[in-house]
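See structure below.
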Amino acid sequence: MKNRKLLLTLLIPALLCACGTTNKTTTANGSAAEKRYNLYGIGFYNLENLFDTIHSLAPDGTDKNDYEFLPDGTMKWGTMKYEAKLKNMAQVLSQMATDRIPGGATLIGVSEIENRAVLEDLLKQPVLRDRGWEIAHVESPDQRGVDCAFFYNPKQFKLESVTYPLYYNADGSLYYTRGFLTIGGTLAGEKVHAIVCHWPSRFSESPARERAGELVRAIKDSIIAQYPGSSIIIMGDLNDDPDDKSLTVGLGAKKNKEQCTSDADLYNPWWKTLRDDGVGTLKYDGKWNLFDQIIVSGHLVDGDRSHLQYFKNEIFVRDYLIQQEGRYKGNPLRTHASGTWLNGYSDHLPTTIYLVKEAQ
């Protein structure tokens, strides 16, 4: 369909039910009228160490710590493994959001990618080659050399700005980790900003991630001050669950939409996914965590469907993404485990949200 958008008719009182139904209203002359809606998919995926096979330098000219992922490194990361990884990652990216939107997602944030070159190699894969996606990426100061980035459909999302606020400690010193890649543009004729993150790992203490939440909150507040009424989407591997302090206090994300009373408030739908439904995006010691979250600002949950509104969130899962046997049966099927190459995907599952807007 034009612009790869799915034009839907929805039953408004049952918006959280299956798409494709019709909302009929009665006009002044007694005839039935249908409301129609456009649906947009927004996704996030941690690609788990998508490195190329070439040693690279950091932006400041120093060596990246990418030695593990070189042909003579501990992972024996040669051309065969790299090409298999690209094929597997492209398979997942190409299928995200297609359950509801045949053309796939409008915007996908990714983490754990080494550089722009691996993103370009991904877009050359047969299943993505004809999507027409474009890339937003800025090299980070991360010591391992892993970055975040966006893929976006330029027919739907019109990119207008790319900024990259860095992670500074409370004392003003630079933390050499991933920053907070922030893009701005228009989607469905509306101002939308998105921030993709990869917060400090669980090897760091909780205050490091709480600080990340505070920094992203400040970015969000700055955007709203500059662009009142805009919508903000925050996504990433946050290395914490939705009810951890970095999310609830540092970022200030709320469990229920009803708690969002202004455009500056943030709604986190994944709280219920993990705690009520008991499912997550990665497993540790047999227990699900949900670190891969997509959080939306209050403008997207104010109930006015004449502009973009949050509709639904989903964990993207397929049988091929799950280990089917052995010690780690039921876990996400990753690329390596205990040094053994599994030709898998990632230790994280992707996540997706959908936005809906009444068609004019």
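Chains: A, B, ... in order of the structure tokens. Residues: from 1 per chain. Ligands: from 1, in order shown.
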I'd like the neighbourhood of range 189-198 of chain A as a ChimeraX atom specification, where a residue qualifies if any of its atoms comes within 6 Å (using only C-alpha atoms), though same-chain residues fewer than 6 positions away should be ignored. /A:109,180-183,230-238
Kindly export the residues of the current selection with N, CA and C atoms, as a CSV table (one decimal), in the first residue's frame.
chain,number,residue,atom,x,y,z
A,109,GLY,N,15.0,1.1,16.6
A,109,GLY,CA,16.2,1.4,17.2
A,109,GLY,C,17.0,0.1,17.5
A,180,PHE,N,23.1,8.9,24.2
A,180,PHE,CA,21.7,8.8,24.0
A,180,PHE,C,21.3,9.4,22.6
A,181,LEU,N,21.4,8.6,21.6
A,181,LEU,CA,21.1,9.0,20.2
A,181,LEU,C,19.7,9.5,20.1
A,182,THR,N,19.5,10.7,19.7
A,182,THR,CA,18.2,11.4,19.7
A,182,THR,C,18.0,11.9,18.3
A,183,ILE,N,16.8,11.5,17.7
A,183,ILE,CA,16.4,12.0,16.4
A,183,ILE,C,15.1,12.7,16.5
A,230,SER,N,4.9,18.0,21.2
A,230,SER,CA,5.5,16.9,20.4
A,230,SER,C,5.4,15.6,21.2
A,231,SER,N,5.6,14.5,20.5
A,231,SER,CA,5.6,13.2,21.0
A,231,SER,C,7.0,12.7,21.2
A,232,ILE,N,7.3,12.0,22.3
A,232,ILE,CA,8.6,11.5,22.5
A,232,ILE,C,8.5,10.0,22.8
A,233,ILE,N,9.4,9.2,22.1
A,233,ILE,CA,9.5,7.8,22.3
A,233,ILE,C,11.0,7.5,22.8
A,234,ILE,N,11.1,6.8,23.9
A,234,ILE,CA,12.3,6.4,24.5
A,234,ILE,C,12.4,4.9,24.4
A,235,MET,N,13.6,4.4,23.9
A,235,MET,CA,13.7,3.0,23.8
A,235,MET,C,15.1,2.5,24.0
A,236,GLY,N,15.3,1.2,24.3
A,236,GLY,CA,16.6,0.7,24.4
A,236,GLY,C,16.7,-0.5,25.3
A,237,ASP,N,18.0,-1.0,25.4
A,237,ASP,CA,18.3,-2.0,26.4
A,237,ASP,C,18.7,-1.2,27.6
A,238,LEU,N,17.9,-1.1,28.6
A,238,LEU,CA,18.1,-0.3,29.8
A,238,LEU,C,18.7,-1.0,30.9
Next on the checklist: Need the shell around Asn331 in chain A: protein/DNA/RNA residues with any atom at most 10 Å away, counting only C-alpha atoms. Skip same-chain ones fewer than 5 positions apart. Format as an MDAnalysis selection string?
Outcome noted: chainID A and resid 281:288 321:325 347:349
Residues at most 10 Å from Lys87 in chain A, counting only C-alpha atoms, excluding those fewer than 5 positions away in the same chain, as a VMD selection string? chain A and resid 81 to 82 92 121 to 122 124 to 128 345
Include N, CA and C atoms and write out the residues we just selected as a compact mmCIF listing (two decimals), in the first residue's frame.
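Dumped to again-v9.txt:
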# COMPACT_ATOMS: atom_id res chain seq x y z
N LYS A 81 31.04 -16.41 9.90
CA LYS A 81 30.20 -16.08 11.06
C LYS A 81 29.55 -14.71 10.88
N TYR A 82 30.31 -13.75 10.38
CA TYR A 82 29.76 -12.40 10.20
C TYR A 82 28.60 -12.41 9.21
N VAL A 92 15.13 -11.09 11.31
CA VAL A 92 14.29 -10.60 12.41
C VAL A 92 13.80 -9.18 12.11
N ASP A 121 25.78 -2.97 5.81
CA ASP A 121 25.80 -4.37 5.39
C ASP A 121 24.46 -5.05 5.67
N LEU A 122 23.83 -4.69 6.77
CA LEU A 122 22.50 -5.24 7.07
C LEU A 122 21.49 -4.86 5.99
N LYS A 124 21.95 -4.34 2.99
CA LYS A 124 22.22 -5.01 1.72
C LYS A 124 21.69 -6.44 1.69
N GLN A 125 21.24 -6.93 2.84
CA GLN A 125 20.71 -8.29 2.87
C GLN A 125 19.43 -8.39 2.02
N PRO A 126 19.22 -9.51 1.35
CA PRO A 126 18.08 -9.61 0.42
C PRO A 126 16.73 -9.26 1.04
N VAL A 127 16.48 -9.64 2.29
CA VAL A 127 15.16 -9.39 2.87
C VAL A 127 14.96 -7.93 3.25
N LEU A 128 16.03 -7.14 3.27
CA LEU A 128 15.91 -5.71 3.61
C LEU A 128 16.23 -4.79 2.45
N TYR A 345 20.74 -15.84 17.20
CA TYR A 345 20.28 -14.48 16.91
C TYR A 345 20.80 -13.49 17.94
- Item | Contact residues around Glu358 in chain A with only C-alpha atoms at 6 Å, ignoring same-chain residues under 4 positions, as an MDAnalysis selection string | chainID A and resid 36:37 305:306
Record the distance separating CA of Leu47 in chain A and CA of Arg202 in chain A, expressed in Å with one decimal.
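According to the coordinates, CA of Leu47 in chain A and CA of Arg202 in chain A are separated by 17.7 Å.
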So, counting only C-alpha atoms, which residue among A:Tyr267, A:Phe311, A:Tyr176, A:Phe69 is closest to Asp147 in chain A?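 Result for the nearest residue to Asp147 in chain A: A:Tyr176.
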Which residues are close to Gly252 in chain A, i.e. within 7 Å by only C-alpha atoms, leaving aside same-chain residues fewer than 4 positions away? Reply as a tab-separated table (two decimals) with N, CA and C atoms, in the first residue's frame.
chain	number	residue	atom	x	y	z
A	247	LEU	N	14.19	3.41	36.20
A	247	LEU	CA	13.01	3.71	35.39
A	247	LEU	C	11.97	4.51	36.14
A	248	THR	N	11.69	4.11	37.38
A	248	THR	CA	10.59	4.73	38.12
A	248	THR	C	10.97	6.08	38.72
A	266	LEU	N	5.64	10.19	31.36
A	266	LEU	CA	6.04	9.05	30.56
A	266	LEU	C	5.28	7.80	30.99
Self-check item: Picked from range 146-209 of chain A by DSSP as alpha helix (DSSP H), as a count of residues only
Solution: 4
- Query: Looking at A:Gly41, A:Glu120, A:Pro242, A:Glu205, which one is nearest to Gln156 in chain A, with distances taken over only C-alpha atoms?
  - Reply: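 Ranked by minimum distance to Gln156 in chain A, first place goes to A:Gly41.
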message: For the structure I just gave you, how does DSSP split range 100-301 of chain A - specifically, which residues are strand (DSSP E or B)? Reply as a ChimeraX atom specification.
response: /A:107-113,134-137,147-152,157-163,168,174,180-187,190-198,231-237,253-254,266-267,282-284,287-289,292-297
Would you mind exporting C-alpha atoms of the selected residues as a compact mmCIF listing (two decimals), in the first residue's frame?
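What landed in selection-v5.txt:
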# COMPACT_ATOMS: atom_id res chain seq x y z
CA LEU A 107 11.27 3.09 12.97
CA ILE A 108 13.55 0.53 14.66
CA GLY A 109 16.21 1.36 17.22
CA VAL A 110 19.10 -1.07 17.58
CA SER A 111 21.97 -1.51 20.03
CA GLU A 112 25.26 -3.43 20.19
CA ILE A 113 26.36 -2.55 16.67
CA GLU A 134 17.81 4.78 5.97
CA ILE A 135 20.22 5.01 8.90
CA ALA A 136 20.71 7.46 11.77
CA HIS A 137 23.96 6.78 13.63
CA ASP A 147 26.84 1.88 19.46
CA CYS A 148 23.12 2.47 19.08
CA ALA A 149 21.40 3.47 15.85
CA PHE A 150 18.07 3.84 14.09
CA PHE A 151 16.68 2.37 10.91
CA TYR A 152 13.76 4.36 9.55
CA PHE A 157 9.31 9.32 9.05
CA LYS A 158 10.90 12.54 7.77
CA LEU A 159 14.20 12.93 9.60
CA GLU A 160 14.99 16.52 10.58
CA SER A 161 17.64 16.34 13.32
CA VAL A 162 20.21 14.01 14.86
CA THR A 163 21.90 14.81 18.17
CA TYR A 168 28.25 12.65 32.02
CA LEU A 174 32.58 11.90 30.87
CA PHE A 180 21.69 8.83 24.00
CA LEU A 181 21.14 9.00 20.25
CA THR A 182 18.24 11.39 19.67
CA ILE A 183 16.44 12.02 16.40
CA GLY A 184 13.64 14.41 15.53
CA GLY A 185 11.29 14.47 12.59
CA THR A 186 7.72 14.20 11.46
CA LEU A 187 5.52 11.13 11.45
CA GLU A 190 3.34 15.41 13.62
CA LYS A 191 6.54 16.29 15.44
CA VAL A 192 8.08 13.13 16.91
CA HIS A 193 11.38 12.65 18.73
CA ALA A 194 12.94 9.28 19.53
CA ILE A 195 15.82 8.43 21.86
CA VAL A 196 17.63 5.09 21.66
CA CYS A 197 19.78 4.04 24.62
CA HIS A 198 21.96 1.27 25.97
CA SER A 231 5.58 13.19 21.04
CA ILE A 232 8.61 11.46 22.52
CA ILE A 233 9.54 7.78 22.30
CA ILE A 234 12.33 6.43 24.51
CA MET A 235 13.68 2.97 23.76
CA GLY A 236 16.62 0.74 24.41
CA ASP A 237 18.33 -1.97 26.39
CA ALA A 253 8.18 6.42 33.86
CA LYS A 254 4.73 5.50 35.15
CA LEU A 266 6.04 9.05 30.56
CA TYR A 267 4.10 5.80 30.27
CA LEU A 282 15.97 -12.14 28.21
CA LYS A 283 16.53 -14.87 30.76
CA TYR A 284 19.07 -15.15 33.55
CA LYS A 287 14.11 -16.02 35.28
CA TRP A 288 12.73 -13.56 32.74
CA ASN A 289 13.86 -9.94 32.74
CA ASP A 292 14.23 -3.94 26.22
CA GLN A 293 11.59 -1.28 26.62
CA ILE A 294 9.84 1.37 24.53
CA ILE A 295 8.36 4.19 26.60
CA VAL A 296 6.08 6.97 25.35
CA SER A 297 5.31 10.50 26.45
